[in-house]
>>> print(open('run22.pdb').read())   # PDB, C-alpha atoms and all ligand atoms
ATOM      1  CA  MET D   1       0.000   0.000   0.000  1.00  0.00           C
ATOM      2  CA  MET D   2       1.474   3.349  -1.036  1.00  0.00           C
ATOM      3  CA  VAL D   3       1.391   5.796   1.810  1.00  0.00           C
ATOM      4  CA  ASN D   4       3.482   8.555   0.321  1.00  0.00           C
ATOM      5  CA  ILE D   5       0.985   9.588  -2.357  1.00  0.00           C
ATOM      6  CA  VAL D   6      -1.948  11.939  -1.918  1.00  0.00           C
ATOM      7  CA  THR D   7      -4.440  12.022  -4.773  1.00  0.00           C
ATOM      8  CA  ILE D   8      -6.787  14.962  -5.229  1.00  0.00           C
ATOM      9  CA  ASP D   9      -9.420  14.521  -7.919  1.00  0.00           C
ATOM     10  CA  GLY D  10     -12.474  16.524  -8.843  1.00  0.00           C
ATOM     11  CA  PRO D  11     -14.197  18.616 -11.504  1.00  0.00           C
ATOM     12  CA  SER D  12     -12.904  21.776 -13.189  1.00  0.00           C
ATOM     13  CA  GLY D  13     -12.449  24.909 -11.126  1.00  0.00           C
ATOM     14  CA  VAL D  14     -12.856  23.187  -7.790  1.00  0.00           C
ATOM     15  CA  GLY D  15      -9.435  24.375  -6.603  1.00  0.00           C
ATOM     16  CA  LYS D  16      -7.476  21.107  -6.859  1.00  0.00           C
ATOM     17  CA  GLY D  17      -4.344  22.821  -8.158  1.00  0.00           C
ATOM     18  CA  THR D  18      -4.142  25.434  -5.420  1.00  0.00           C
ATOM     19  CA  VAL D  19      -4.928  22.932  -2.684  1.00  0.00           C
ATOM     20  CA  SER D  20      -2.392  20.435  -4.064  1.00  0.00           C
ATOM     21  CA  LEU D  21       0.381  23.008  -4.069  1.00  0.00           C
ATOM     22  CA  LYS D  22      -0.338  23.842  -0.441  1.00  0.00           C
ATOM     23  CA  ILE D  23      -0.408  20.204   0.618  1.00  0.00           C
ATOM     24  CA  ALA D  24       2.826  19.530  -1.300  1.00  0.00           C
ATOM     25  CA  LYS D  25       4.429  22.537   0.343  1.00  0.00           C
ATOM     26  CA  HIS D  26       3.339  21.396   3.793  1.00  0.00           C
ATOM     27  CA  LEU D  27       4.731  17.888   3.271  1.00  0.00           C
ATOM     28  CA  SER D  28       7.726  18.987   1.138  1.00  0.00           C
ATOM     29  CA  TRP D  29       6.618  16.468  -1.480  1.00  0.00           C
ATOM     30  CA  ASN D  30       6.626  16.537  -5.281  1.00  0.00           C
ATOM     31  CA  ILE D  31       3.647  17.560  -7.324  1.00  0.00           C
ATOM     32  CA  LEU D  32       1.880  16.283 -10.432  1.00  0.00           C
ATOM     33  CA  ASP D  33      -0.623  18.514 -12.217  1.00  0.00           C
ATOM     34  CA  SER D  34      -1.943  15.787 -14.530  1.00  0.00           C
ATOM     35  CA  GLY D  35      -4.391  18.118 -16.282  1.00  0.00           C
ATOM     36  CA  ALA D  36      -1.405  20.127 -17.480  1.00  0.00           C
ATOM     37  CA  LEU D  37      -0.174  17.071 -19.401  1.00  0.00           C
ATOM     38  CA  TYR D  38      -3.433  16.857 -21.331  1.00  0.00           C
ATOM     39  CA  ARG D  39      -3.414  20.622 -21.912  1.00  0.00           C
ATOM     40  CA  ILE D  40       0.200  20.550 -23.141  1.00  0.00           C
ATOM     41  CA  LEU D  41      -0.649  17.741 -25.518  1.00  0.00           C
ATOM     42  CA  ALA D  42      -3.536  19.831 -26.862  1.00  0.00           C
ATOM     43  CA  LEU D  43      -1.242  22.820 -27.341  1.00  0.00           C
ATOM     44  CA  ILE D  44       1.428  20.773 -29.098  1.00  0.00           C
ATOM     45  CA  ALA D  45      -1.153  19.056 -31.306  1.00  0.00           C
ATOM     46  CA  LYS D  46      -2.383  22.489 -32.359  1.00  0.00           C
ATOM     47  CA  ARG D  47       1.130  23.735 -33.047  1.00  0.00           C
ATOM     48  CA  HIS D  48       1.873  20.666 -35.157  1.00  0.00           C
ATOM     49  CA  GLN D  49      -1.530  20.835 -36.833  1.00  0.00           C
ATOM     50  CA  VAL D  50      -2.368  17.352 -35.648  1.00  0.00           C
ATOM     51  CA  SER D  51      -6.073  16.549 -35.755  1.00  0.00           C
ATOM     52  CA  LEU D  52      -7.612  15.572 -32.419  1.00  0.00           C
ATOM     53  CA  GLU D  53      -8.921  12.502 -34.207  1.00  0.00           C
ATOM     54  CA  ASP D  54      -5.433  11.341 -35.246  1.00  0.00           C
ATOM     55  CA  GLU D  55      -4.760   8.978 -32.339  1.00  0.00           C
ATOM     56  CA  ILE D  56      -1.532   7.587 -33.764  1.00  0.00           C
ATOM     57  CA  LYS D  57       0.054  11.035 -34.004  1.00  0.00           C
ATOM     58  CA  LEU D  58      -1.324  12.074 -30.626  1.00  0.00           C
ATOM     59  CA  VAL D  59       0.215   9.006 -29.001  1.00  0.00           C
ATOM     60  CA  GLU D  60       3.505   9.798 -30.730  1.00  0.00           C
ATOM     61  CA  LEU D  61       3.410  13.361 -29.369  1.00  0.00           C
ATOM     62  CA  ALA D  62       2.414  12.135 -25.888  1.00  0.00           C
ATOM     63  CA  THR D  63       5.344   9.730 -25.802  1.00  0.00           C
ATOM     64  CA  GLU D  64       7.847  12.359 -26.872  1.00  0.00           C
ATOM     65  CA  LEU D  65       6.647  15.328 -24.775  1.00  0.00           C
ATOM     66  CA  ASP D  66       9.693  17.245 -23.589  1.00  0.00           C
ATOM     67  CA  ILE D  67       8.253  18.834 -20.459  1.00  0.00           C
ATOM     68  CA  LYS D  68       9.443  20.005 -17.082  1.00  0.00           C
ATOM     69  CA  PHE D  69       7.374  21.063 -14.061  1.00  0.00           C
ATOM     70  CA  ILE D  70       9.380  23.523 -12.001  1.00  0.00           C
ATOM     71  CA  PRO D  71       7.856  24.571  -8.673  1.00  0.00           C
ATOM     72  CA  GLU D  72       8.577  28.150  -7.570  1.00  0.00           C
ATOM     73  CA  ALA D  73      10.909  28.230  -4.567  1.00  0.00           C
ATOM     74  CA  ASP D  74       7.958  28.941  -2.210  1.00  0.00           C
ATOM     75  CA  LEU D  75       5.766  26.352  -4.005  1.00  0.00           C
ATOM     76  CA  SER D  76       3.150  29.019  -4.715  1.00  0.00           C
ATOM     77  CA  LYS D  77       3.124  28.182  -8.416  1.00  0.00           C
ATOM     78  CA  LEU D  78       4.220  25.519 -10.830  1.00  0.00           C
ATOM     79  CA  LYS D  79       6.173  26.659 -13.874  1.00  0.00           C
ATOM     80  CA  ILE D  80       5.558  24.513 -16.952  1.00  0.00           C
ATOM     81  CA  ILE D  81       8.305  24.302 -19.536  1.00  0.00           C
ATOM     82  CA  TYR D  82       7.917  22.631 -22.916  1.00  0.00           C
ATOM     83  CA  ALA D  83      11.069  22.206 -25.026  1.00  0.00           C
ATOM     84  CA  GLY D  84      12.710  25.011 -23.059  1.00  0.00           C
ATOM     85  CA  GLN D  85       9.769  27.389 -23.484  1.00  0.00           C
ATOM     86  CA  ASP D  86       7.616  28.652 -20.591  1.00  0.00           C
ATOM     87  CA  ILE D  87       4.009  27.754 -21.455  1.00  0.00           C
ATOM     88  CA  THR D  88       2.575  28.102 -17.931  1.00  0.00           C
ATOM     89  CA  THR D  89       0.037  30.771 -18.846  1.00  0.00           C
ATOM     90  CA  GLU D  90      -0.628  29.718 -22.423  1.00  0.00           C
ATOM     91  CA  ILE D  91      -2.006  26.286 -21.477  1.00  0.00           C
ATOM     92  CA  ARG D  92      -4.471  27.845 -19.024  1.00  0.00           C
ATOM     93  CA  ASN D  93      -6.486  29.145 -21.965  1.00  0.00           C
ATOM     94  CA  GLU D  94      -9.930  27.511 -22.050  1.00  0.00           C
ATOM     95  CA  THR D  95      -9.349  26.556 -25.699  1.00  0.00           C
ATOM     96  CA  TYR D  96      -6.703  24.071 -24.549  1.00  0.00           C
ATOM     97  CA  ALA D  97      -8.865  22.893 -21.652  1.00  0.00           C
ATOM     98  CA  THR D  98     -11.635  21.952 -24.069  1.00  0.00           C
ATOM     99  CA  MET D  99      -9.193  20.336 -26.506  1.00  0.00           C
ATOM    100  CA  ALA D 100      -7.574  18.491 -23.584  1.00  0.00           C
ATOM    101  CA  SER D 101     -10.891  17.009 -22.593  1.00  0.00           C
ATOM    102  CA  GLN D 102     -11.519  15.899 -26.202  1.00  0.00           C
ATOM    103  CA  ILE D 103      -8.107  14.214 -26.294  1.00  0.00           C
ATOM    104  CA  ALA D 104      -8.649  12.705 -22.841  1.00  0.00           C
ATOM    105  CA  VAL D 105     -11.436  10.385 -24.033  1.00  0.00           C
ATOM    106  CA  LYS D 106      -8.915   8.387 -26.117  1.00  0.00           C
ATOM    107  CA  SER D 107      -7.724   5.267 -24.329  1.00  0.00           C
ATOM    108  CA  THR D 108      -4.476   5.040 -26.346  1.00  0.00           C
ATOM    109  CA  VAL D 109      -3.523   8.593 -25.376  1.00  0.00           C
ATOM    110  CA  ARG D 110      -4.346   7.991 -21.717  1.00  0.00           C
ATOM    111  CA  LYS D 111      -2.235   4.846 -21.801  1.00  0.00           C
ATOM    112  CA  ALA D 112       0.681   6.747 -23.335  1.00  0.00           C
ATOM    113  CA  LEU D 113       0.535   9.255 -20.482  1.00  0.00           C
ATOM    114  CA  LEU D 114       0.236   6.676 -17.709  1.00  0.00           C
ATOM    115  CA  ALA D 115       3.907   5.772 -17.217  1.00  0.00           C
ATOM    116  CA  ARG D 116       4.849   9.441 -17.488  1.00  0.00           C
ATOM    117  CA  GLN D 117       2.461  10.312 -14.667  1.00  0.00           C
ATOM    118  CA  ARG D 118       3.627   7.415 -12.481  1.00  0.00           C
ATOM    119  CA  ALA D 119       7.230   8.545 -12.947  1.00  0.00           C
ATOM    120  CA  PHE D 120       6.403  11.597 -10.818  1.00  0.00           C
ATOM    121  CA  HIS D 121       6.175   9.286  -7.807  1.00  0.00           C
ATOM    122  CA  VAL D 122       9.630   9.701  -6.332  1.00  0.00           C
ATOM    123  CA  LEU D 123      10.813  10.197  -2.772  1.00  0.00           C
ATOM    124  CA  PRO D 124       9.867  11.692  -0.413  1.00  0.00           C
ATOM    125  CA  GLY D 125       6.320  11.563  -1.840  1.00  0.00           C
ATOM    126  CA  LEU D 126       3.810  12.927  -4.323  1.00  0.00           C
ATOM    127  CA  VAL D 127       0.670  15.025  -4.372  1.00  0.00           C
ATOM    128  CA  ALA D 128      -1.169  14.318  -7.636  1.00  0.00           C
ATOM    129  CA  ASP D 129      -4.226  16.163  -8.887  1.00  0.00           C
ATOM    130  CA  GLY D 130      -6.552  15.372 -11.748  1.00  0.00           C
ATOM    131  CA  ARG D 131      -9.594  13.306 -12.615  1.00  0.00           C
ATOM    132  CA  ASP D 132      -8.373   9.712 -12.291  1.00  0.00           C
ATOM    133  CA  MET D 133      -5.448   9.921  -9.879  1.00  0.00           C
ATOM    134  CA  GLY D 134      -7.199   7.835  -7.215  1.00  0.00           C
ATOM    135  CA  THR D 135      -9.064   5.509  -9.560  1.00  0.00           C
ATOM    136  CA  VAL D 136      -6.503   4.680 -12.280  1.00  0.00           C
ATOM    137  CA  VAL D 137      -3.056   6.235 -11.945  1.00  0.00           C
ATOM    138  CA  PHE D 138      -2.381   5.660  -8.227  1.00  0.00           C
ATOM    139  CA  PRO D 139      -5.183   3.330  -7.079  1.00  0.00           C
ATOM    140  CA  GLU D 140      -2.923   1.839  -4.394  1.00  0.00           C
ATOM    141  CA  THR D 141      -2.687   4.963  -2.286  1.00  0.00           C
ATOM    142  CA  LYS D 142      -4.537   5.235   1.005  1.00  0.00           C
ATOM    143  CA  ASN D 143      -4.809   9.007   0.795  1.00  0.00           C
ATOM    144  CA  LYS D 144      -7.517   9.748  -1.769  1.00  0.00           C
ATOM    145  CA  PHE D 145      -9.587  12.897  -1.860  1.00  0.00           C
ATOM    146  CA  PHE D 146     -12.373  14.028  -4.150  1.00  0.00           C
ATOM    147  CA  LEU D 147     -13.251  17.715  -4.087  1.00  0.00           C
ATOM    148  CA  THR D 148     -16.623  19.058  -5.202  1.00  0.00           C
ATOM    149  CA  ALA D 149     -18.287  22.503  -5.262  1.00  0.00           C
ATOM    150  CA  SER D 150     -21.400  23.964  -6.867  1.00  0.00           C
ATOM    151  CA  CYS D 151     -21.159  24.781 -10.591  1.00  0.00           C
ATOM    152  CA  GLU D 152     -21.582  28.510  -9.888  1.00  0.00           C
ATOM    153  CA  GLU D 153     -18.803  28.537  -7.322  1.00  0.00           C
ATOM    154  CA  ARG D 154     -16.435  26.597  -9.587  1.00  0.00           C
ATOM    155  CA  ALA D 155     -17.059  28.907 -12.538  1.00  0.00           C
ATOM    156  CA  LEU D 156     -16.372  31.886 -10.290  1.00  0.00           C
ATOM    157  CA  ARG D 157     -13.174  30.383  -8.910  1.00  0.00           C
ATOM    158  CA  ARG D 158     -11.867  29.609 -12.396  1.00  0.00           C
ATOM    159  CA  TYR D 159     -12.904  33.095 -13.569  1.00  0.00           C
ATOM    160  CA  LYS D 160     -10.883  34.751 -10.799  1.00  0.00           C
ATOM    161  CA  GLN D 161      -7.934  32.429 -11.370  1.00  0.00           C
ATOM    162  CA  LEU D 162      -7.838  33.257 -15.091  1.00  0.00           C
ATOM    163  CA  ASN D 163      -8.213  36.976 -14.377  1.00  0.00           C
ATOM    164  CA  ASN D 164      -5.228  36.824 -12.046  1.00  0.00           C
ATOM    165  CA  ILE D 165      -3.009  35.567 -14.834  1.00  0.00           C
ATOM    166  CA  GLY D 166      -4.335  38.042 -17.389  1.00  0.00           C
ATOM    167  CA  ILE D 167      -6.803  35.786 -19.214  1.00  0.00           C
ATOM    168  CA  TYR D 168     -10.131  37.581 -19.523  1.00  0.00           C
ATOM    169  CA  VAL D 169     -13.279  35.630 -20.299  1.00  0.00           C
ATOM    170  CA  LYS D 170     -17.009  36.059 -19.802  1.00  0.00           C
ATOM    171  CA  LEU D 171     -18.221  34.369 -16.629  1.00  0.00           C
ATOM    172  CA  SER D 172     -21.382  33.085 -18.336  1.00  0.00           C
ATOM    173  CA  GLU D 173     -19.393  31.563 -21.217  1.00  0.00           C
ATOM    174  CA  LEU D 174     -16.878  30.032 -18.818  1.00  0.00           C
ATOM    175  CA  ALA D 175     -19.707  28.433 -16.814  1.00  0.00           C
ATOM    176  CA  VAL D 176     -21.056  26.809 -19.994  1.00  0.00           C
ATOM    177  CA  GLU D 177     -17.580  25.588 -21.055  1.00  0.00           C
ATOM    178  CA  ILE D 178     -16.859  24.127 -17.635  1.00  0.00           C
ATOM    179  CA  ALA D 179     -20.232  22.367 -17.514  1.00  0.00           C
ATOM    180  CA  SER D 180     -19.774  20.786 -20.926  1.00  0.00           C
ATOM    181  CA  ARG D 181     -16.199  19.720 -20.109  1.00  0.00           C
ATOM    182  CA  ASP D 182     -17.309  18.143 -16.834  1.00  0.00           C
ATOM    183  CA  LYS D 183     -20.086  16.317 -18.637  1.00  0.00           C
ATOM    184  CA  ARG D 184     -17.614  14.927 -21.194  1.00  0.00           C
ATOM    185  CA  ASP D 185     -15.131  14.001 -18.435  1.00  0.00           C
ATOM    186  CA  SER D 186     -17.782  12.291 -16.284  1.00  0.00           C
ATOM    187  CA  THR D 187     -19.489  10.329 -19.028  1.00  0.00           C
ATOM    188  CA  ARG D 188     -16.455   9.003 -20.941  1.00  0.00           C
ATOM    189  CA  THR D 189     -15.971   5.255 -20.725  1.00  0.00           C
ATOM    190  CA  ILE D 190     -12.233   5.346 -19.937  1.00  0.00           C
ATOM    191  CA  ALA D 191     -11.157   6.744 -16.556  1.00  0.00           C
ATOM    192  CA  PRO D 192     -14.215   8.938 -16.049  1.00  0.00           C
ATOM    193  CA  LEU D 193     -14.301  11.736 -13.520  1.00  0.00           C
ATOM    194  CA  VAL D 194     -15.643   9.866 -10.518  1.00  0.00           C
ATOM    195  CA  ALA D 195     -14.699   9.567  -6.859  1.00  0.00           C
ATOM    196  CA  ALA D 196     -12.828   6.384  -5.981  1.00  0.00           C
ATOM    197  CA  THR D 197     -14.945   4.232  -3.680  1.00  0.00           C
ATOM    198  CA  ASP D 198     -12.355   4.717  -0.933  1.00  0.00           C
ATOM    199  CA  ALA D 199     -11.897   8.481  -1.460  1.00  0.00           C
ATOM    200  CA  VAL D 200     -12.847  11.118   1.084  1.00  0.00           C
ATOM    201  CA  THR D 201     -15.223  13.542  -0.635  1.00  0.00           C
ATOM    202  CA  ILE D 202     -15.143  17.167   0.484  1.00  0.00           C
ATOM    203  CA  ASP D 203     -17.773  19.677  -0.623  1.00  0.00           C
ATOM    204  CA  THR D 204     -15.701  22.863  -0.761  1.00  0.00           C
ATOM    205  CA  THR D 205     -18.496  25.259  -1.812  1.00  0.00           C
ATOM    206  CA  GLU D 206     -18.546  27.014   1.546  1.00  0.00           C
ATOM    207  CA  LEU D 207     -14.927  26.398   2.510  1.00  0.00           C
ATOM    208  CA  SER D 208     -11.813  28.535   2.164  1.00  0.00           C
ATOM    209  CA  ILE D 209      -8.671  27.050   0.615  1.00  0.00           C
ATOM    210  CA  GLU D 210      -7.065  26.902   4.063  1.00  0.00           C
ATOM    211  CA  GLU D 211     -10.055  24.989   5.451  1.00  0.00           C
ATOM    212  CA  VAL D 212      -9.885  22.432   2.630  1.00  0.00           C
ATOM    213  CA  VAL D 213      -6.130  22.015   3.144  1.00  0.00           C
ATOM    214  CA  GLU D 214      -6.625  21.544   6.874  1.00  0.00           C
ATOM    215  CA  ARG D 215      -9.306  18.893   6.372  1.00  0.00           C
ATOM    216  CA  ILE D 216      -7.059  16.964   4.024  1.00  0.00           C
ATOM    217  CA  LEU D 217      -4.010  17.211   6.281  1.00  0.00           C
ATOM    218  CA  ASN D 218      -6.075  15.982   9.214  1.00  0.00           C
ATOM    219  CA  LYS D 219      -7.106  12.868   7.338  1.00  0.00           C
ATOM    220  CA  LEU D 220      -3.729  11.793   5.983  1.00  0.00           C
ATOM    221  CA  VAL D 221      -2.576   8.311   6.869  1.00  0.00           C
ATOM    222  CA  PHE D 222       1.177   7.615   7.087  1.00  0.00           C
TER
HETATM  223  O1  LIG K   1      -7.376  19.837 -14.624  1.00  0.00           O
HETATM  224  P1  LIG K   1      -7.441  20.547 -15.946  1.00  0.00           P
HETATM  225  O2  LIG K   1      -8.614  21.472 -16.056  1.00  0.00           O
HETATM  226  O3  LIG K   1      -6.163  21.219 -16.303  1.00  0.00           O
HETATM  227  O4  LIG K   1      -7.642  19.375 -17.026  1.00  0.00           O
HETATM  228  C1  LIG K   1      -7.935  19.625 -18.365  1.00  0.00           C
HETATM  229  C2  LIG K   1      -8.649  18.409 -18.946  1.00  0.00           C
HETATM  230  O5  LIG K   1      -7.733  17.312 -18.982  1.00  0.00           O
HETATM  231  C3  LIG K   1      -9.837  17.891 -18.146  1.00  0.00           C
HETATM  232  O6  LIG K   1     -11.058  18.529 -18.467  1.00  0.00           O
HETATM  233  C4  LIG K   1      -9.860  16.417 -18.486  1.00  0.00           C
HETATM  234  O7  LIG K   1     -10.576  16.164 -19.668  1.00  0.00           O
HETATM  235  C5  LIG K   1      -8.414  16.084 -18.765  1.00  0.00           C
HETATM  236  N1  LIG K   1      -7.823  15.366 -17.625  1.00  0.00           N
HETATM  237  C6  LIG K   1      -8.033  14.012 -17.546  1.00  0.00           C
HETATM  238  N2  LIG K   1      -7.440  13.289 -16.559  1.00  0.00           N
HETATM  239  C7  LIG K   1      -6.672  13.888 -15.647  1.00  0.00           C
HETATM  240  C8  LIG K   1      -6.466  15.286 -15.695  1.00  0.00           C
HETATM  241  C9  LIG K   1      -7.065  16.001 -16.709  1.00  0.00           C
HETATM  242  O8  LIG K   1      -8.748  13.436 -18.362  1.00  0.00           O
HETATM  243  N3  LIG K   1      -6.098  13.161 -14.712  1.00  0.00           N
END
>>> encode(input="run22.pdb", output="structure tokens")
Amino acid sequence: MMVNIVTIDGPSGVGKGTVSLKIAKHLSWNILDSGALYRILALIAKRHQVSLEDEIKLVELATELDIKFIPEADLSKLKIIYAGQDITTEIRNETYATMASQIAVKSTVRKALLARQRAFHVLPGLVADGRDMGTVVFPETKNKFFLTASCEERALRRYKQLNNIGIYVKLSELAVEIASRDKRDSTRTIAPLVAATDAVTIDTTELSIEEVVERILNKLVF
């Protein structure tokens, strides 16, 4: 049983990324933002003019991805570097989120990214966030969490997050995009967005980030 992995899954905009960084900072562990991998793949596919239907090419790109996740010294942010280029902000664009979720339904692509995600599990431990961290990628861990929040609250959180990094969108449009992405993620046959049966589910609608972090830290098993 893996005790040095914490998985944090949940729908878009729920705050998984922020919470994961804080947990990783508290434990001095490594971090995996698995959604970023799907977003990067979407970005690279676009740059190479690869159709989202071309699974063979997508798998090729997924296998070759030259990426680095570099946490800021204070672990407040994760810098994402592709082939030496900082794409941290670029991949946050909703265009890539939607494309990522279209790519993410393909079992061959998910398989190609599996070993890459598991390779993040190095000492002293790992905090991994995504949709299938507890169900598929690290099912052996004892520390599984599933965060939820109302659709309105999630759209608002994502809206503020995007604003903070200079990406301006309409709240109403964002809410629609998030809802359709969540629907696609939850209803796909491979690794759908669903809480693992042994995950602790936390409704964060009325909670601050600090409160969510505290609840998770209090439930960790070592
Ligand atoms: O978490 P983030 O919003 O960056 O993820 C973008 C998309 O990547 C999700 O909507 C989902 O379709 C896909 N994803 C996934 N499995 C993960 C993480 C992300 O399918 N573990």
>>> atom_distance(input="run22.pdb", atom1="atom CA of Gln117 of chain D", atom2="atom CA of Val137 of chain D")
7.4 Å
>>> residues_around(input="run22.pdb", residues="Asn30 of chain D", least_positions_apart="5", cutoff="10 Å", atoms="all atoms listed in the file", output="ChimeraX atom specification")
/D:5,20-21,23-25,69,71,75,120-128
>>> write_last_selection(input="run22.pdb", atoms="C-alpha atoms", output="PDB file, in the frame of the given file")
ATOM      1  CA  ILE D   5       0.985   9.588  -2.357  1.00  0.00           C
ATOM      2  CA  SER D  20      -2.392  20.435  -4.064  1.00  0.00           C
ATOM      3  CA  LEU D  21       0.381  23.008  -4.069  1.00  0.00           C
ATOM      4  CA  ILE D  23      -0.408  20.204   0.618  1.00  0.00           C
ATOM      5  CA  ALA D  24       2.826  19.530  -1.300  1.00  0.00           C
ATOM      6  CA  LYS D  25       4.429  22.537   0.343  1.00  0.00           C
ATOM      7  CA  PHE D  69       7.374  21.063 -14.061  1.00  0.00           C
ATOM      8  CA  PRO D  71       7.856  24.571  -8.673  1.00  0.00           C
ATOM      9  CA  LEU D  75       5.766  26.352  -4.005  1.00  0.00           C
ATOM     10  CA  PHE D 120       6.403  11.597 -10.818  1.00  0.00           C
ATOM     11  CA  HIS D 121       6.175   9.286  -7.807  1.00  0.00           C
ATOM     12  CA  VAL D 122       9.630   9.701  -6.332  1.00  0.00           C
ATOM     13  CA  LEU D 123      10.813  10.197  -2.772  1.00  0.00           C
ATOM     14  CA  PRO D 124       9.867  11.692  -0.413  1.00  0.00           C
ATOM     15  CA  GLY D 125       6.320  11.563  -1.840  1.00  0.00           C
ATOM     16  CA  LEU D 126       3.810  12.927  -4.323  1.00  0.00           C
ATOM     17  CA  VAL D 127       0.670  15.025  -4.372  1.00  0.00           C
ATOM     18  CA  ALA D 128      -1.169  14.318  -7.636  1.00  0.00           C
TER      19      ALA D 128
END
>>> closest_residue(input="run22.pdb", among="D:Thr18, D:Gln85, D:Asn93, D:Ser51", to="Arg39 of chain D", atoms="all atoms listed in the file")
D:Asn93
>>> residues_around(input="run22.pdb", residues="Arg92 of chain D", least_positions_apart="2", cutoff="10 Å", atoms="only C-alpha atoms", output="list of chain:residue names")
D:Ala36, D:Arg39, D:Ile40, D:Ile87, D:Thr88, D:Thr89, D:Glu90, D:Glu94, D:Thr95, D:Tyr96, D:Ala97, D:Gln161, D:Leu162, D:Ile165, D:Ile167
>>> residues_near_ligand(input="run22.pdb", ligand="ligand LIG 1 (chain K)", cutoff="9 Å", atoms="only C-alpha atoms and all ligand atoms", output="PDB file with C-alpha atoms, in the frame of the given file")
ATOM      1  CA  ASP D   9      -9.420  14.521  -7.919  1.00  0.00           C
ATOM      2  CA  GLY D  10     -12.474  16.524  -8.843  1.00  0.00           C
ATOM      3  CA  PRO D  11     -14.197  18.616 -11.504  1.00  0.00           C
ATOM      4  CA  SER D  12     -12.904  21.776 -13.189  1.00  0.00           C
ATOM      5  CA  GLY D  13     -12.449  24.909 -11.126  1.00  0.00           C
ATOM      6  CA  LYS D  16      -7.476  21.107  -6.859  1.00  0.00           C
ATOM      7  CA  GLY D  17      -4.344  22.821  -8.158  1.00  0.00           C
ATOM      8  CA  ASP D  33      -0.623  18.514 -12.217  1.00  0.00           C
ATOM      9  CA  SER D  34      -1.943  15.787 -14.530  1.00  0.00           C
ATOM     10  CA  GLY D  35      -4.391  18.118 -16.282  1.00  0.00           C
ATOM     11  CA  ALA D  36      -1.405  20.127 -17.480  1.00  0.00           C
ATOM     12  CA  LEU D  37      -0.174  17.071 -19.401  1.00  0.00           C
ATOM     13  CA  TYR D  38      -3.433  16.857 -21.331  1.00  0.00           C
ATOM     14  CA  ARG D  39      -3.414  20.622 -21.912  1.00  0.00           C
ATOM     15  CA  ILE D  91      -2.006  26.286 -21.477  1.00  0.00           C
ATOM     16  CA  ARG D  92      -4.471  27.845 -19.024  1.00  0.00           C
ATOM     17  CA  GLU D  94      -9.930  27.511 -22.050  1.00  0.00           C
ATOM     18  CA  TYR D  96      -6.703  24.071 -24.549  1.00  0.00           C
ATOM     19  CA  ALA D  97      -8.865  22.893 -21.652  1.00  0.00           C
ATOM     20  CA  THR D  98     -11.635  21.952 -24.069  1.00  0.00           C
ATOM     21  CA  MET D  99      -9.193  20.336 -26.506  1.00  0.00           C
ATOM     22  CA  ALA D 100      -7.574  18.491 -23.584  1.00  0.00           C
ATOM     23  CA  SER D 101     -10.891  17.009 -22.593  1.00  0.00           C
ATOM     24  CA  GLN D 102     -11.519  15.899 -26.202  1.00  0.00           C
ATOM     25  CA  ILE D 103      -8.107  14.214 -26.294  1.00  0.00           C
ATOM     26  CA  ALA D 104      -8.649  12.705 -22.841  1.00  0.00           C
ATOM     27  CA  VAL D 105     -11.436  10.385 -24.033  1.00  0.00           C
ATOM     28  CA  ARG D 110      -4.346   7.991 -21.717  1.00  0.00           C
ATOM     29  CA  ALA D 128      -1.169  14.318  -7.636  1.00  0.00           C
ATOM     30  CA  ASP D 129      -4.226  16.163  -8.887  1.00  0.00           C
ATOM     31  CA  GLY D 130      -6.552  15.372 -11.748  1.00  0.00           C
ATOM     32  CA  ARG D 131      -9.594  13.306 -12.615  1.00  0.00           C
ATOM     33  CA  ASP D 132      -8.373   9.712 -12.291  1.00  0.00           C
ATOM     34  CA  MET D 133      -5.448   9.921  -9.879  1.00  0.00           C
ATOM     35  CA  VAL D 136      -6.503   4.680 -12.280  1.00  0.00           C
ATOM     36  CA  VAL D 137      -3.056   6.235 -11.945  1.00  0.00           C
ATOM     37  CA  ILE D 178     -16.859  24.127 -17.635  1.00  0.00           C
ATOM     38  CA  ARG D 181     -16.199  19.720 -20.109  1.00  0.00           C
ATOM     39  CA  ASP D 182     -17.309  18.143 -16.834  1.00  0.00           C
ATOM     40  CA  ARG D 184     -17.614  14.927 -21.194  1.00  0.00           C
ATOM     41  CA  ASP D 185     -15.131  14.001 -18.435  1.00  0.00           C
ATOM     42  CA  SER D 186     -17.782  12.291 -16.284  1.00  0.00           C
ATOM     43  CA  ILE D 190     -12.233   5.346 -19.937  1.00  0.00           C
ATOM     44  CA  ALA D 191     -11.157   6.744 -16.556  1.00  0.00           C
ATOM     45  CA  PRO D 192     -14.215   8.938 -16.049  1.00  0.00           C
ATOM     46  CA  LEU D 193     -14.301  11.736 -13.520  1.00  0.00           C
TER      47      LEU D 193
END
>>> resolve_selection(input="run22.pdb", expression="the PyMOL selection byres (((chain D and resi 108) around 12) and not hetatm)", output="PyMOL selection string")
chain D and resi 53-63+103-107+109-114+190-191
>>> atom_distance(input="run22.pdb", atom1="atom CA of Ile202 of chain D", atom2="atom CA of Phe145 of chain D")
7.4 Å
>>> resolve_selection(input="run22.pdb", expression="the PyMOL selection byres (((chain D and resi 152) around 12) and not hetatm)", output="ChimeraX atom specification")
/D:12-14,148-151,153-159,171-176,178-179,205-206
>>> atom_distance(input="run22.pdb", atom1="atom CA of Val50 of chain D", atom2="atom CA of Lys170 of chain D")
28.6 Å
>>> axis_aligned_box(input="run22.pdb", around="segment 133-139 of chain D", padding_each_side="8 Å", output="lines of an AutoDock Vina configuration file")
center_x = -5.7
center_y = 6.6
center_z = -9.7
size_x = 22.7
size_y = 22.6
size_z = 21.2
>>> resolve_selection(input="run22.pdb", expression="the PyMOL selection byres (((chain D and resi 84) around 9) and not hetatm)", output="list in words")
Asp66, Ile67, Lys68, Ile81, Tyr82, Ala83, Gln85 and Asp86 of chain D
>>> closest_residue(input="run22.pdb", among="D:Val6, D:Asn164, D:Gln49, D:Leu32", to="Ile80 of chain D", atoms="only C-alpha atoms")
D:Leu32
